[in-house]
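> I'd like to ask you about the structure that follows.
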Amino acid sequence: MSILVYAESWEGRFRKSTYEAASYANQLANDLDTDLIAVSFGNIDESELSKLGEYGVSKIFSYSNVTKSDNNNASILLAKHAEDSKAIIFANTFSAKMIAPRLSSKLKAGLLSNVISTILNTENFTFQRQSFSSKAIEKVSVSTEKVIITISPNAFEIKNSTTNCVITKNDANFENQFTVIGSETNTGKISLSEAEIVISAGRGLKGPENWGMIEELAELLNAATACSKPVSDIGWRPHSEHVGQTGKAVAPNLYIAVGISGAIQHLAGVNSSKVMVAINTDPEAAFFKAADYGVIGDAFDVVPKLIEEIKKIKN
Amino acid sequence: MNILVCISSVPDTTSKINFTENDSKFDENGIQFVINPYDEFGLTKAVMLKEQNGAKVTAIIVGESSVEPVIRKALAIGADQAVRINMKPLDSFSTAKEISNYVSENPFDLIIAGKESSDYNGGAVPGIIADMLNIPFVNACNGLEIEGNEVTLNREIDGGIEKIKASLPIIIGGQKGLVEESELRIPNMRGIMTARSKPLNIVEANNPMTMSKSIQFEKPAAKGECKMVSSDNIDQLVNMLQNEAKVI
Ligand SMILES: Cc1cc2nc3c(=O)[nH]c(=O)nc-3n(C[C@H](O)[C@H](O)[C@H](O)COP(=O)(O)OP(=O)(O)OC[C@H]3O[C@@H](n4cnc5c(N)ncnc54)[C@H](O)[C@@H]3O)c2cc1C
Ligand SMILES: Nc1ncnc2c1ncn2[C@@H]1O[C@H](COP(=O)(O)O)[C@@H](O)[C@H]1O
């Protein structure tokens with residue numbers, strides 16, 4: 001028996017969410033008294049692969065010529081390695097969201113997404129997950145022999161647990177269902193789903209030309225930038241920054257909302273953040289009811305001050 | 001071209017979420033149900049493809065008769081016909097199984113679903129359908145062009161987009177970008193009138209097995225009071241974020 005974790009890599013490296021998934025899977029392996037194994041796709045060095053050993057992974061199978069977007073082949077390979085696994089763990093990334101459902105169908109295993117708890121009952125695989133756009137926590141049980149889990153970002157700690165890790169490199173020769181013909185990424189920027197701090201701004205900022213201070217603040221705090229829906233709809237910011245019920249759900253340690261009113265659809269996607277700060281001219285703004293810290297004031301006055309004060313503590 | 005649009009019926013986004021029967025079920029009392037926002041982008045895209053190249057658009061929903069107003073709205077927006085599979089959707093697997101059974105008997109060139117339902121946020125139905133039908137799947141799709149049998153798609157990835165080429169048939173999980181917010185179609189009077197005479201076929205379900213079961217719901221813990229800081233004391237705010245909340 002084993003627990004299998006999908007070890008996603010980006011441009012040859014594992015990132016935070018992979019270590020979160022490995023740590024989570026290792027905990028589950030301990031709870032179920034079994035071993036932890038991993039599968040990785042894409043070109044990745046042995047030294048990087050071996051890092052998983054620090055998080056409890058005892059065996060890793062690496063397929064350098066499979067891309068993670070190729071969800072059919074990825075799920076075929078995961079299914080092969082999961083033959084003996086009780087649980088298959090994913091971080092909730094864009095690629096995982098394509099692979100995990102296919103794997104669920106192949107293995108006839110129940111899939112739970114957005115999981116935020118460790119196992120509550122080992123008999124019938126009971127877990128808690130986020131549901132209703134984080135307006136609710138749902139307890140769900142799975143009746144199949146195996147369970148597939150995708151964990152919410154930033155919900156679990158990364159925990160060291162050093163193990164001897166055996167690396168096996170394989171090639172897979174499959175026909176692809178589609179071809180990736182290119183990609184555009186703004187590397188260098190912190191990814192919104194993984195960021196520990198998010199600086200978000202709304203229509204209160206008046207126009208796209210005023211985002212300089214938001215980006216400056218984000219850079220100082222090593223944070224990602226986000227925005228409310230109307231801001232991306234009007235084209236002030238890219239769609240990828242839109243957070244909320246119909247955008248991305250985020251759960252950073254700190255969410256700073258500047259000039260955002262705090263509509264129910266906005267809060268739905270951000271209120272799992274550990275600490276929220278609202279900056280708004282309107283003392284009646286709904287965001288003050290959801291936030292932990294509030295400043296009633298003009299963004300164009302408060303944000304520059306905030307930048308100055310942060311600079312002081314960073315020096 | 002035959003296009004199938006999967007529609008899930010979800011509570012209006014402004015809904016307050018409550019539970020009933022000892023917190024074991026979502027309380028539908030007083031809730032207004034709407035087309036899942038991600039499915040609206042897909043439906044509009046399908047109608048636009050029809051206008052550009054000619055196509056027949058079928059909207060499909062797995063649900064009991066209570067979801068009919070929602071699927072009628074899809075007809076009013078421009079779907080040519082609708083199918084309701086008569087079953088309360090209990091989990092992603094059984095919902096996907098019903099839809100793929102239907103498609104096995106009634107093939108489609110393009111299946112458009114949403115990247116997730118805004119109620120249970122499973123994000124699983126289209127991927128499971130893809131696997132059952134053994135066709136390519138692209139999720140979080142925010143761009144789609146069709147030329148003959150060839151499809152070019154964009155999908156969102158962390159911090160960017162990836163471009164993909166595939167051939168029909170294919171299934172996607174769509175989102176904003178498939179069409180823009182400003183392009184979304186709203187039913188007009190003529191649409192609503194003609195929707196009444198468009199076919200809505202009711203198909204009995206095979207009631208496949210379910211794999212997961214909701215047991216109980218709770219609401220996230222209520223937040224404490226918001227601590228207000230004067231805009232003249234931003235140093236205090238930074239101090240609290242650093243030493244009290246310990247987040248910077
Ligand atoms: C189906 C549906 C889905 C939706 N999904 C989402 C979603 O996912 N995400 C989302 O964000 N919204 C969503 N919305 C929209 C939502 O209802 C709100 O309209 C939106 O969140 C408001 O954006 P905003 O706060 O930026 O703008 P506004 O509501 O216009 O608020 C601007 C705020 O800025 C303040 N302000 C003005 N000037 C200043 C200044 N100089 N300094 C500081 N503060 C200032 C104002 O007091 C006000 O509170 C959805 C709506 C619908 C109908
Ligand atoms: N009951 C349903 N009937 C038809 N389509 C559905 C149903 N549930 C989910 N879908 C489709 O699958 C997508 C993802 O839903 P989910 O996997 O439930 O998050 C939705 O956006 C719909 O397109």
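Residues are named by chain letter and number: chains run A, B, ... in the order of the structure tokens, numbers start at 1 in each chain, and ligands are numbered from 1 in the order shown.
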Using only C-alpha atoms and all ligand atoms, tabulate the residues of chain B lying at most 12 Å from any atom of ligand 1, each with its closest atom pair and that distance in Å to one decimal, by chain and increasing residue number, as JSON lines.

```
{"residue": "B:Val10", "atom": "CA", "partner": "ligand 1", "partner_atom_place_in_ligand_line": "1 (C)", "distance": 10.8}
{"residue": "B:Pro11", "atom": "CA", "partner": "ligand 1", "partner_atom_place_in_ligand_line": "1 (C)", "distance": 10.0}
{"residue": "B:Asp12", "atom": "CA", "partner": "ligand 1", "partner_atom_place_in_ligand_line": "1 (C)", "distance": 7.0}
{"residue": "B:Thr13", "atom": "CA", "partner": "ligand 1", "partner_atom_place_in_ligand_line": "1 (C)", "distance": 5.4}
{"residue": "B:Thr14", "atom": "CA", "partner": "ligand 1", "partner_atom_place_in_ligand_line": "53 (C)", "distance": 7.4}
{"residue": "B:Ser15", "atom": "CA", "partner": "ligand 1", "partner_atom_place_in_ligand_line": "1 (C)", "distance": 10.5}
{"residue": "B:Phe33", "atom": "CA", "partner": "ligand 1", "partner_atom_place_in_ligand_line": "1 (C)", "distance": 11.4}
{"residue": "B:Val34", "atom": "CA", "partner": "ligand 1", "partner_atom_place_in_ligand_line": "1 (C)", "distance": 9.1}
{"residue": "B:Ile35", "atom": "CA", "partner": "ligand 1", "partner_atom_place_in_ligand_line": "1 (C)", "distance": 9.6}
{"residue": "B:Asn36", "atom": "CA", "partner": "ligand 1", "partner_atom_place_in_ligand_line": "1 (C)", "distance": 8.7}
{"residue": "B:Pro37", "atom": "CA", "partner": "ligand 1", "partner_atom_place_in_ligand_line": "1 (C)", "distance": 6.3}
{"residue": "B:Tyr38", "atom": "CA", "partner": "ligand 1", "partner_atom_place_in_ligand_line": "1 (C)", "distance": 9.6}
{"residue": "B:Asp39", "atom": "CA", "partner": "ligand 1", "partner_atom_place_in_ligand_line": "1 (C)", "distance": 11.5}
{"residue": "B:Glu40", "atom": "CA", "partner": "ligand 1", "partner_atom_place_in_ligand_line": "1 (C)", "distance": 10.0}
{"residue": "B:Phe41", "atom": "CA", "partner": "ligand 1", "partner_atom_place_in_ligand_line": "1 (C)", "distance": 11.6}
{"residue": "B:Ser118", "atom": "CA", "partner": "ligand 1", "partner_atom_place_in_ligand_line": "3 (C)", "distance": 9.8}
{"residue": "B:Gln175", "atom": "CA", "partner": "ligand 1", "partner_atom_place_in_ligand_line": "8 (O)", "distance": 11.8}
{"residue": "B:Lys176", "atom": "CA", "partner": "ligand 1", "partner_atom_place_in_ligand_line": "8 (O)", "distance": 10.9}
{"residue": "B:Glu181", "atom": "CA", "partner": "ligand 1", "partner_atom_place_in_ligand_line": "2 (C)", "distance": 10.4}
{"residue": "B:Leu184", "atom": "CA", "partner": "ligand 1", "partner_atom_place_in_ligand_line": "1 (C)", "distance": 11.5}
{"residue": "B:Ser231", "atom": "CA", "partner": "ligand 1", "partner_atom_place_in_ligand_line": "43 (C)", "distance": 11.2}
```
> Neighbours of Asp45 in chain A within 10 Å (only C-alpha atoms; same-chain residues fewer than 2 positions away dropped), as a list of chain:residue names?
A:Gly12, A:Arg13, A:Gly42, A:Asn43, A:Ser47, A:Glu48, A:Leu49, A:Ser50, A:Ser62, A:Ser64
> Determine which residues of range 8-241 of chain B receive a DSSP assignment of strand (DSSP E), computed from the backbone, and state them as a count of residues only.
75
> Compute the set of protein, DNA and RNA residues whose minimum atom distance to ligand 2 is at most 6 Å, using only C-alpha atoms and all ligand atoms, and state it as a ChimeraX atom specification.
/B:6-8,38-39,60-63,89,92,95,113-117,121-126
> Within 7 Å of chain B, which residues of chain A are there when counting only C-alpha atoms? Please give them as number ranges by chain.
A: 94, 97-98, 101-102, 105, 110, 113, 131-133, 135-144, 177-186, 191, 233, 246, 253-254, 264-265, 288-297, 302, 305-306, 309-310
> For the atom pair CA of Val303 in chain A and CA of Leu217 in chain A, what is the interatomic distance in Å to one decimal place?
7.8 Å
> Residues within 9 Å of Thr44 in chain B, please, as a list of chain:residue names. Count only C-alpha atoms; anything in the same chain fewer than 2 positions from it doesn't count.
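So the residues in contact are B:Asp39, B:Glu40, B:Phe41, B:Gly42, B:Ala46, B:Val47, B:Met48, B:Leu49, B:Ile77, B:Gly78, B:Leu178, B:Val179, B:Glu183, B:Leu184, B:Arg185.
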> Suppose we keep N, CA, C and O atoms; can you now write the selection as a compact mmCIF listing (two decimals), in the first residue's frame?

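The new file selection-v3.txt reads:
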```txt
# COMPACT_ATOMS: atom_id res chain seq x y z
N ASP B 39 -20.60 28.95 -17.10
CA ASP B 39 -21.32 28.35 -18.23
C ASP B 39 -21.92 29.43 -19.14
O ASP B 39 -22.16 29.18 -20.32
N GLU B 40 -22.16 30.62 -18.58
CA GLU B 40 -22.67 31.71 -19.41
C GLU B 40 -21.66 32.10 -20.48
O GLU B 40 -22.04 32.42 -21.61
N PHE B 41 -20.38 32.09 -20.11
CA PHE B 41 -19.35 32.41 -21.11
C PHE B 41 -19.36 31.35 -22.22
O PHE B 41 -19.28 31.68 -23.40
N GLY B 42 -19.48 30.08 -21.82
CA GLY B 42 -19.49 28.99 -22.78
C GLY B 42 -20.70 29.02 -23.69
O GLY B 42 -20.60 28.80 -24.90
N ALA B 46 -20.81 29.51 -27.73
CA ALA B 46 -21.47 28.56 -28.63
C ALA B 46 -22.41 29.30 -29.59
O ALA B 46 -22.43 29.03 -30.79
N VAL B 47 -23.15 30.26 -29.05
CA VAL B 47 -24.09 31.02 -29.88
C VAL B 47 -23.32 31.85 -30.92
O VAL B 47 -23.70 31.95 -32.09
N MET B 48 -22.16 32.39 -30.51
CA MET B 48 -21.35 33.17 -31.45
C MET B 48 -20.77 32.27 -32.55
O MET B 48 -20.72 32.68 -33.72
N LEU B 49 -20.34 31.07 -32.18
CA LEU B 49 -19.83 30.13 -33.19
C LEU B 49 -20.92 29.77 -34.19
O LEU B 49 -20.68 29.65 -35.39
N ILE B 77 -31.29 32.50 -24.53
CA ILE B 77 -30.04 33.15 -24.92
C ILE B 77 -29.61 32.70 -26.32
O ILE B 77 -28.88 33.41 -27.01
N GLY B 78 -30.08 31.53 -26.77
CA GLY B 78 -29.77 31.17 -28.15
C GLY B 78 -29.50 29.71 -28.43
O GLY B 78 -29.22 29.36 -29.58
N LEU B 178 -13.17 33.34 -22.93
CA LEU B 178 -13.81 32.60 -24.02
C LEU B 178 -14.62 33.62 -24.82
O LEU B 178 -14.60 33.65 -26.04
N VAL B 179 -15.35 34.44 -24.07
CA VAL B 179 -15.90 35.70 -24.59
C VAL B 179 -15.68 36.71 -23.47
O VAL B 179 -15.41 36.33 -22.35
N GLU B 183 -19.56 40.91 -23.81
CA GLU B 183 -20.21 40.20 -24.93
C GLU B 183 -21.29 39.22 -24.47
O GLU B 183 -22.00 38.65 -25.29
N LEU B 184 -21.38 39.01 -23.15
CA LEU B 184 -22.36 38.04 -22.63
C LEU B 184 -23.75 38.38 -23.13
O LEU B 184 -24.16 39.54 -23.15
N ARG B 185 -24.49 37.33 -23.54
CA ARG B 185 -25.85 37.56 -24.04
C ARG B 185 -26.85 37.50 -22.90
O ARG B 185 -26.77 36.63 -22.04
```
> Residues of range 90-206 of chain B in alpha helix (DSSP H) according to DSSP, as number ranges by chain?
B: 92-105, 125-133, 189-195
> Got a sec: who's within 10 Å of Leu77 in chain A, counting only C-alpha atoms, leaving out chain neighbours fewer than 3 positions off, as a list in words?
Val39, Ser40, Phe41, Phe61, Tyr63, Val66, Asn71, Asn72, Asn73, Ala74, Lys80, His81, Ala82, Leu103 and Ala172 of chain A
> Can you pull out every residue within 12 Å of Ser117 in chain A, counting only C-alpha atoms, but drop anything in the same chain fewer than 3 positions away, and send it as a list in words?
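Counting only the stated atoms, we get Tyr24, Ala25, Gln27, Leu28, Leu112, Ser113, Asn114, Leu120, Asn121, Phe125, Thr126, Phe127, Gln128, Arg129, Gln130, Ile137, Glu138, Lys139, Val140, Ile149, Thr150, Ile151, Ser152, Ala155, Phe156 and Glu157 of chain A.
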